[in-house]
Amino acid sequence: MKKIEKHNPLPMYFQIKEILKELIENEELKPGDMIPPEREICSIQQVSRMTVNKAIMSLVNEGILYREQGKGTFVSKPKKKQVLTKLKGFTEEMLDRGLRTETKIISFTVNEVTKQIKSILEMPDSETKVIQITRLRIFNGEPMGIEIVWLPYNLFPNMTEEMVSGQSLYGIFKEKYNYQPKKAKQTIEPIILNDYECDLLNQKKGSVAMLFWRNTYTAEGIQIEYNKSIYRSDIYKYEIIIEDNQ
């Protein structure tokens, strides 16, 4: 392990953080490996335990390390990455990347649409029903995300829970109802999980996650979906590719 430079203007905790990151990036510490104990790092770097703890917690908060009570601090597995270049549903995206995923339906209901959801979905005044589907996304047996989808009932008549169970919604849009998702508006923001979300995602109280809102449209401008998705920030990340088409 490299030693910090006491005369470096960078804070000592930050230097220790970068040293640990370098060990991970050079694969001297690999996913699942336990990092050296805090006392050992204190001895090597000749700094206080508080300084070392601050460096480690910074890496924990970034998802690079994780802690297990009574065992130690370990290197996290690389986060699963979704690249935002084409409009695809979760199932399609994961299949394209050869990843084994599962989807568990938590609820499937046909409800009276609220004024807010009706406005967001741009539904005609005469339409009053909306399909609401809540699903749990699972990767390698571990809960990864919660998805709530609202669909205008008039666009998807006779849709049932059995129809969507274990299936890609985007596949159903295309094959069953002849709607081709063409474009979407999506926003991303960090959130603190509530107790229910923590239970579903197997996270500690107060954990941070990523919240995605998506409005999906056909080429004709018909909005076919309003989607709220919450993904664990410790195992999932997005990559956005921006190109200059000029």
# chains A, B, ... in the order shown; residues from 1 in each chain; ligands from 1
call {"tool": "select_by_dssp", "arguments": {"residues": "stretch 21-185 of chain A", "states": "alpha helix (DSSP H)", "output": "PDB file with C-alpha atoms, in the first residue's frame"}}
result
ATOM      1  CA  LYS A  21      -9.380   2.902  -5.095  1.00  0.00           C
ATOM      2  CA  GLU A  22      -6.089   2.361  -6.897  1.00  0.00           C
ATOM      3  CA  LEU A  23      -5.668  -1.032  -5.221  1.00  0.00           C
ATOM      4  CA  ILE A  24      -9.146  -1.980  -6.451  1.00  0.00           C
ATOM      5  CA  GLU A  25      -8.638  -0.604  -9.980  1.00  0.00           C
ATOM      6  CA  GLU A  38      -8.765   0.166   9.926  1.00  0.00           C
ATOM      7  CA  ARG A  39      -6.122  -0.271  12.623  1.00  0.00           C
ATOM      8  CA  GLU A  40      -3.667  -1.672  10.081  1.00  0.00           C
ATOM      9  CA  ILE A  41      -4.262   1.255   7.708  1.00  0.00           C
ATOM     10  CA  CYS A  42      -3.845   3.675  10.629  1.00  0.00           C
ATOM     11  CA  SER A  43      -0.491   2.076  11.423  1.00  0.00           C
ATOM     12  CA  ILE A  44       0.736   2.207   7.819  1.00  0.00           C
ATOM     13  CA  GLN A  45      -0.408   5.771   7.203  1.00  0.00           C
ATOM     14  CA  ARG A  49      -8.826   6.043  13.107  1.00  0.00           C
ATOM     15  CA  MET A  50     -11.311   8.808  12.354  1.00  0.00           C
ATOM     16  CA  THR A  51      -9.375   9.777   9.206  1.00  0.00           C
ATOM     17  CA  VAL A  52      -9.293   6.178   7.940  1.00  0.00           C
ATOM     18  CA  ASN A  53     -12.961   5.660   8.749  1.00  0.00           C
ATOM     19  CA  LYS A  54     -13.873   8.792   6.779  1.00  0.00           C
ATOM     20  CA  ALA A  55     -11.988   7.467   3.725  1.00  0.00           C
ATOM     21  CA  ILE A  56     -13.643   4.063   3.953  1.00  0.00           C
ATOM     22  CA  MET A  57     -17.135   5.458   4.481  1.00  0.00           C
ATOM     23  CA  SER A  58     -16.696   7.676   1.433  1.00  0.00           C
ATOM     24  CA  LEU A  59     -16.044   4.546  -0.668  1.00  0.00           C
ATOM     25  CA  VAL A  60     -18.969   2.747   0.987  1.00  0.00           C
ATOM     26  CA  ASN A  61     -21.279   5.640   0.096  1.00  0.00           C
ATOM     27  CA  PHE A  90     -35.892  -3.584 -18.641  1.00  0.00           C
ATOM     28  CA  THR A  91     -36.440  -7.173 -19.828  1.00  0.00           C
ATOM     29  CA  GLU A  92     -35.233  -6.454 -23.358  1.00  0.00           C
ATOM     30  CA  GLU A  93     -32.202  -4.558 -22.101  1.00  0.00           C
ATOM     31  CA  MET A  94     -31.146  -7.372 -19.781  1.00  0.00           C
ATOM     32  CA  LEU A  95     -31.702 -10.065 -22.416  1.00  0.00           C
ATOM     33  CA  ASP A  96     -29.547  -8.151 -24.894  1.00  0.00           C
ATOM     34  CA  LYS A 115     -56.808  13.580 -12.254  1.00  0.00           C
ATOM     35  CA  GLN A 116     -53.020  13.727 -12.046  1.00  0.00           C
ATOM     36  CA  ILE A 117     -52.363  10.420 -13.820  1.00  0.00           C
ATOM     37  CA  LYS A 118     -55.036  11.206 -16.419  1.00  0.00           C
ATOM     38  CA  SER A 119     -53.331  14.501 -17.191  1.00  0.00           C
ATOM     39  CA  ILE A 120     -49.872  12.917 -17.363  1.00  0.00           C
ATOM     40  CA  GLU A 161     -52.115 -10.213 -15.021  1.00  0.00           C
ATOM     41  CA  GLU A 162     -51.649 -13.620 -16.666  1.00  0.00           C
ATOM     42  CA  MET A 163     -50.834 -11.905 -19.964  1.00  0.00           C
ATOM     43  CA  VAL A 164     -47.979  -9.846 -18.508  1.00  0.00           C
ATOM     44  CA  LEU A 169     -44.315  -5.188 -21.425  1.00  0.00           C
ATOM     45  CA  TYR A 170     -42.699  -3.648 -24.484  1.00  0.00           C
ATOM     46  CA  GLY A 171     -43.036  -7.004 -26.239  1.00  0.00           C
ATOM     47  CA  ILE A 172     -46.753  -7.049 -25.360  1.00  0.00           C
ATOM     48  CA  PHE A 173     -47.145  -3.459 -26.600  1.00  0.00           C
ATOM     49  CA  LYS A 174     -45.790  -4.518 -29.998  1.00  0.00           C
ATOM     50  CA  GLU A 175     -47.135  -8.042 -30.422  1.00  0.00           C
TER      51      GLU A 175
END
call {"tool": "atom_distance", "arguments": {"atom1": "atom CA of A:Leu211", "atom2": "atom CA of A:Asn140"}}
result
21.4 Å
call {"tool": "closest_atom_pairs", "arguments": {"of": "stretch 92-169 of chain A", "to": "stretch 212-222 of chain A", "cutoff": "12 Å", "atoms": "only C-alpha atoms", "output": "Markdown table"}}
result
| residue | atom | partner | partner_atom | distance |
| --- | --- | --- | --- | --- |
| A:Ile117 | CA | A:Asn215 | CA | 11.4 |
| A:Ile120 | CA | A:Asn215 | CA | 8.4 |
| A:Leu121 | CA | A:Asn215 | CA | 8.0 |
| A:Glu122 | CA | A:Ile222 | CA | 8.6 |
| A:Met123 | CA | A:Ile222 | CA | 9.6 |
| A:Pro124 | CA | A:Ile222 | CA | 11.4 |
| A:Gly145 | CA | A:Phe212 | CA | 10.6 |
| A:Ile146 | CA | A:Phe212 | CA | 10.3 |
| A:Glu147 | CA | A:Phe212 | CA | 9.2 |
| A:Ile148 | CA | A:Trp213 | CA | 9.8 |
| A:Val149 | CA | A:Arg214 | CA | 9.4 |
| A:Trp150 | CA | A:Asn215 | CA | 9.9 |
| A:Leu151 | CA | A:Thr216 | CA | 10.2 |
| A:Pro152 | CA | A:Ile222 | CA | 10.6 |
| A:Leu155 | CA | A:Ile222 | CA | 9.6 |
| A:Leu169 | CA | A:Thr216 | CA | 11.9 |
call {"tool": "write_last_selection", "arguments": {"atoms": "N, CA, C and O atoms", "output": "short mmCIF file (atom, residue, chain, number, x, y, z; two decimals), in the first residue's frame"}}
result
data_model
loop_
_atom_site.label_atom_id
_atom_site.label_comp_id
_atom_site.auth_asym_id
_atom_site.auth_seq_id
_atom_site.Cartn_x
_atom_site.Cartn_y
_atom_site.Cartn_z
N ILE A 117 -52.82 11.44 -12.88
CA ILE A 117 -52.36 10.42 -13.82
C ILE A 117 -53.04 10.60 -15.17
O ILE A 117 -52.41 10.43 -16.23
N ILE A 120 -51.21 13.35 -16.94
CA ILE A 120 -49.87 12.92 -17.36
C ILE A 120 -49.96 12.01 -18.59
O ILE A 120 -49.17 12.14 -19.54
N LEU A 121 -50.93 11.10 -18.60
CA LEU A 121 -51.10 10.17 -19.71
C LEU A 121 -51.84 10.79 -20.90
O LEU A 121 -52.00 10.14 -21.93
N GLU A 122 -52.30 12.03 -20.73
CA GLU A 122 -52.99 12.76 -21.80
C GLU A 122 -54.20 11.97 -22.32
O GLU A 122 -54.44 11.86 -23.52
N MET A 123 -54.96 11.41 -21.36
CA MET A 123 -56.12 10.58 -21.72
C MET A 123 -57.31 11.46 -22.09
O MET A 123 -57.48 12.56 -21.53
N PRO A 124 -58.15 11.01 -23.02
CA PRO A 124 -59.37 11.76 -23.36
C PRO A 124 -60.28 11.90 -22.14
O PRO A 124 -60.27 11.05 -21.24
N GLY A 145 -34.91 -3.71 -8.29
CA GLY A 145 -35.70 -2.51 -8.50
C GLY A 145 -37.19 -2.75 -8.35
O GLY A 145 -37.67 -3.89 -8.39
N ILE A 146 -37.91 -1.66 -8.13
CA ILE A 146 -39.37 -1.66 -8.04
C ILE A 146 -39.88 -0.82 -9.20
O ILE A 146 -39.39 0.29 -9.43
N GLU A 147 -40.84 -1.34 -9.92
CA GLU A 147 -41.40 -0.61 -11.06
C GLU A 147 -42.91 -0.51 -10.93
O GLU A 147 -43.59 -1.51 -10.69
N ILE A 148 -43.43 0.70 -11.09
CA ILE A 148 -44.88 0.92 -11.13
C ILE A 148 -45.21 1.51 -12.49
O ILE A 148 -44.62 2.52 -12.91
N VAL A 149 -46.13 0.86 -13.20
CA VAL A 149 -46.49 1.29 -14.56
C VAL A 149 -47.98 1.63 -14.60
O VAL A 149 -48.81 0.88 -14.06
N TRP A 150 -48.30 2.76 -15.24
CA TRP A 150 -49.69 3.13 -15.48
C TRP A 150 -49.94 3.10 -16.99
O TRP A 150 -49.18 3.70 -17.76
N LEU A 151 -51.00 2.39 -17.41
CA LEU A 151 -51.34 2.26 -18.83
C LEU A 151 -52.78 2.67 -19.04
O LEU A 151 -53.67 2.25 -18.28
N PRO A 152 -53.08 3.50 -20.06
CA PRO A 152 -54.48 3.85 -20.34
C PRO A 152 -55.27 2.58 -20.71
O PRO A 152 -54.89 1.85 -21.63
N LEU A 155 -56.39 1.93 -24.30
CA LEU A 155 -55.39 1.50 -25.28
C LEU A 155 -55.02 0.03 -25.12
O LEU A 155 -54.50 -0.59 -26.06
N LEU A 169 -43.20 -6.08 -21.09
CA LEU A 169 -44.31 -5.19 -21.43
C LEU A 169 -44.15 -4.60 -22.81
O LEU A 169 -45.11 -4.49 -23.57
#
call {"tool": "residues_around", "arguments": {"residues": "A:Val110", "least_positions_apart": "3", "cutoff": "9 Å", "atoms": "only C-alpha atoms", "output": "PyMOL selection string"}}
result
chain A and resi 113+129-133+153
call {"tool": "atom_distance", "arguments": {"atom1": "atom CA of A:Thr73", "atom2": "atom CA of A:Leu20"}}
result
11.9 Å
call {"tool": "residues_around", "arguments": {"residues": "A:Val75", "least_positions_apart": "3", "cutoff": "8 Å", "atoms": "only C-alpha atoms", "output": "MDAnalysis selection string"}}
result
chainID A and resid 24 29:35 64:66
call {"tool": "write_last_selection", "arguments": {"atoms": "N, CA and C atoms", "output": "tab-separated table (two decimals), in the first residue's frame"}}
result
chain	number	residue	atom	x	y	z
A	24	ILE	N	-7.99	-1.30	-5.84
A	24	ILE	CA	-9.15	-1.98	-6.45
A	24	ILE	C	-9.05	-1.93	-7.98
A	29	LEU	N	-6.98	-5.64	-4.99
A	29	LEU	CA	-8.16	-6.00	-4.19
A	29	LEU	C	-9.29	-6.26	-5.18
A	30	LYS	N	-9.85	-7.45	-5.15
A	30	LYS	CA	-10.87	-7.84	-6.12
A	30	LYS	C	-12.24	-7.92	-5.44
A	31	PRO	N	-13.34	-7.92	-6.25
A	31	PRO	CA	-14.68	-8.02	-5.67
A	31	PRO	C	-14.79	-9.18	-4.70
A	32	GLY	N	-15.29	-8.89	-3.51
A	32	GLY	CA	-15.43	-9.90	-2.47
A	32	GLY	C	-14.27	-9.94	-1.50
A	33	ASP	N	-13.12	-9.33	-1.87
A	33	ASP	CA	-11.96	-9.30	-0.96
A	33	ASP	C	-12.21	-8.34	0.20
A	34	MET	N	-11.69	-8.70	1.35
A	34	MET	CA	-11.77	-7.81	2.51
A	34	MET	C	-10.58	-6.85	2.46
A	35	ILE	N	-10.85	-5.57	2.69
A	35	ILE	CA	-9.75	-4.60	2.71
A	35	ILE	C	-9.02	-4.71	4.05
A	64	ILE	N	-18.46	1.44	-3.78
A	64	ILE	CA	-17.22	0.74	-4.15
A	64	ILE	C	-16.86	-0.32	-3.10
A	65	LEU	N	-17.19	-0.01	-1.84
A	65	LEU	CA	-17.01	-0.95	-0.74
A	65	LEU	C	-18.35	-1.19	-0.05
A	66	TYR	N	-18.44	-2.30	0.68
A	66	TYR	CA	-19.61	-2.55	1.53
A	66	TYR	C	-19.15	-3.17	2.84
call {"tool": "residues_around", "arguments": {"residues": "stretch 191-204 of chain A", "least_positions_apart": "2", "cutoff": "10 Å", "atoms": "only C-alpha atoms", "output": "list in words"}}
result
Leu136, Arg137, Ile138, Glu142, Pro143, Met144, Gly145, Ile146, Ile188, Glu189, Gly206, Ser207, Val208, Ala209, Met210, Leu211, Ile230, Tyr231, Arg232, Ser233 and Asp234 of chain A
call {"tool": "write_last_selection", "arguments": {"atoms": "N, CA, C and O atoms", "output": "CSV table (one decimal), in the first residue's frame"}}
result
chain,number,residue,atom,x,y,z
A,136,LEU,N,-41.5,-6.3,-9.1
A,136,LEU,CA,-40.2,-6.3,-8.5
A,136,LEU,C,-39.2,-6.9,-9.5
A,136,LEU,O,-39.4,-8.0,-10.0
A,137,ARG,N,-38.2,-6.2,-9.8
A,137,ARG,CA,-37.1,-6.7,-10.7
A,137,ARG,C,-36.0,-7.4,-9.9
A,137,ARG,O,-35.6,-6.8,-8.8
A,138,ILE,N,-35.6,-8.5,-10.3
A,138,ILE,CA,-34.7,-9.4,-9.6
A,138,ILE,C,-33.6,-9.8,-10.5
A,138,ILE,O,-33.8,-10.2,-11.6
A,142,GLU,N,-31.4,-11.5,-6.3
A,142,GLU,CA,-31.3,-10.3,-5.5
A,142,GLU,C,-32.3,-9.3,-6.0
A,142,GLU,O,-32.2,-8.9,-7.2
A,143,PRO,N,-33.2,-8.7,-5.2
A,143,PRO,CA,-34.0,-7.6,-5.7
A,143,PRO,C,-33.2,-6.4,-6.1
A,143,PRO,O,-32.4,-6.0,-5.4
A,144,MET,N,-33.5,-5.9,-7.3
A,144,MET,CA,-32.8,-4.8,-7.9
A,144,MET,C,-33.6,-3.6,-8.0
A,144,MET,O,-33.1,-2.5,-7.8
A,145,GLY,N,-34.9,-3.7,-8.3
A,145,GLY,CA,-35.7,-2.5,-8.5
A,145,GLY,C,-37.2,-2.8,-8.3
A,145,GLY,O,-37.7,-3.9,-8.4
A,146,ILE,N,-37.9,-1.7,-8.1
A,146,ILE,CA,-39.4,-1.7,-8.0
A,146,ILE,C,-39.9,-0.8,-9.2
A,146,ILE,O,-39.4,0.3,-9.4
A,188,ILE,N,-34.2,11.4,-14.0
A,188,ILE,CA,-33.5,10.6,-13.0
A,188,ILE,C,-33.1,11.5,-11.8
A,188,ILE,O,-32.7,12.6,-12.0
A,189,GLU,N,-33.4,11.0,-10.6
A,189,GLU,CA,-33.1,11.7,-9.4
A,189,GLU,C,-32.8,10.8,-8.2
A,189,GLU,O,-33.3,9.6,-8.2
A,206,GLY,N,-33.0,4.1,5.4
A,206,GLY,CA,-32.3,5.3,5.0
A,206,GLY,C,-31.4,5.2,3.8
A,206,GLY,O,-30.6,6.1,3.5
A,207,SER,N,-31.5,4.0,3.1
A,207,SER,CA,-30.6,3.8,1.9
A,207,SER,C,-31.0,4.7,0.8
A,207,SER,O,-32.1,5.1,0.6
A,208,VAL,N,-30.0,5.0,0.0
A,208,VAL,CA,-30.2,5.9,-1.2
A,208,VAL,C,-30.4,5.0,-2.4
A,208,VAL,O,-29.9,3.9,-2.5
A,209,ALA,N,-31.3,5.5,-3.3
A,209,ALA,CA,-31.6,4.8,-4.5
A,209,ALA,C,-31.8,5.8,-5.7
A,209,ALA,O,-31.8,7.0,-5.5
A,210,MET,N,-32.0,5.2,-6.9
A,210,MET,CA,-32.2,6.1,-8.0
A,210,MET,C,-33.7,6.0,-8.5
A,210,MET,O,-34.2,4.9,-8.6
A,211,LEU,N,-34.3,7.1,-8.7
A,211,LEU,CA,-35.7,7.1,-9.1
A,211,LEU,C,-35.8,7.6,-10.6
A,211,LEU,O,-35.2,8.6,-10.9
A,230,ILE,N,-37.7,2.5,-9.3
A,230,ILE,CA,-36.7,2.7,-8.3
A,230,ILE,C,-35.7,1.6,-8.3
A,230,ILE,O,-36.0,0.4,-8.2
A,231,TYR,N,-34.4,2.0,-8.5
A,231,TYR,CA,-33.4,1.0,-8.6
A,231,TYR,C,-32.3,1.2,-7.5
A,231,TYR,O,-32.0,2.4,-7.2
A,232,ARG,N,-31.8,0.1,-6.9
A,232,ARG,CA,-30.8,0.2,-5.9
A,232,ARG,C,-29.5,0.8,-6.5
A,232,ARG,O,-29.1,0.4,-7.6
A,233,SER,N,-29.0,1.8,-5.9
A,233,SER,CA,-27.8,2.5,-6.4
A,233,SER,C,-26.5,1.7,-6.1
A,233,SER,O,-25.4,2.1,-6.6
A,234,ASP,N,-26.6,0.7,-5.2
A,234,ASP,CA,-25.3,-0.1,-4.9
A,234,ASP,C,-25.0,-1.1,-6.0
A,234,ASP,O,-23.9,-1.6,-6.0
call {"tool": "atom_distance", "arguments": {"atom1": "atom CA of A:Arg135", "atom2": "atom CA of A:Lys205"}}
result
20.9 Å
call {"tool": "select_by_dssp", "arguments": {"residues": "stretch 26-226 of chain A", "states": "strand (DSSP E)", "output": "count of residues only"}}
result
74
call {"tool": "closest_residue", "arguments": {"among": "A:Thr134, A:Asp125, A:Ser229, A:Lys71", "to": "A:Thr187", "atoms": "only C-alpha atoms"}}
result
A:Ser229
call {"tool": "closest_residue", "arguments": {"among": "A:Val47, A:Ile224, A:Met1, A:Ile105", "to": "A:Phe156", "atoms": "only C-alpha atoms"}}
result
A:Ile224
call {"tool": "closest_residue", "arguments": {"among": "A:Gln223, A:Asn154, A:Asn26, A:Ser168", "to": "A:Lys182", "atoms": "only C-alpha atoms"}}
result
A:Gln223
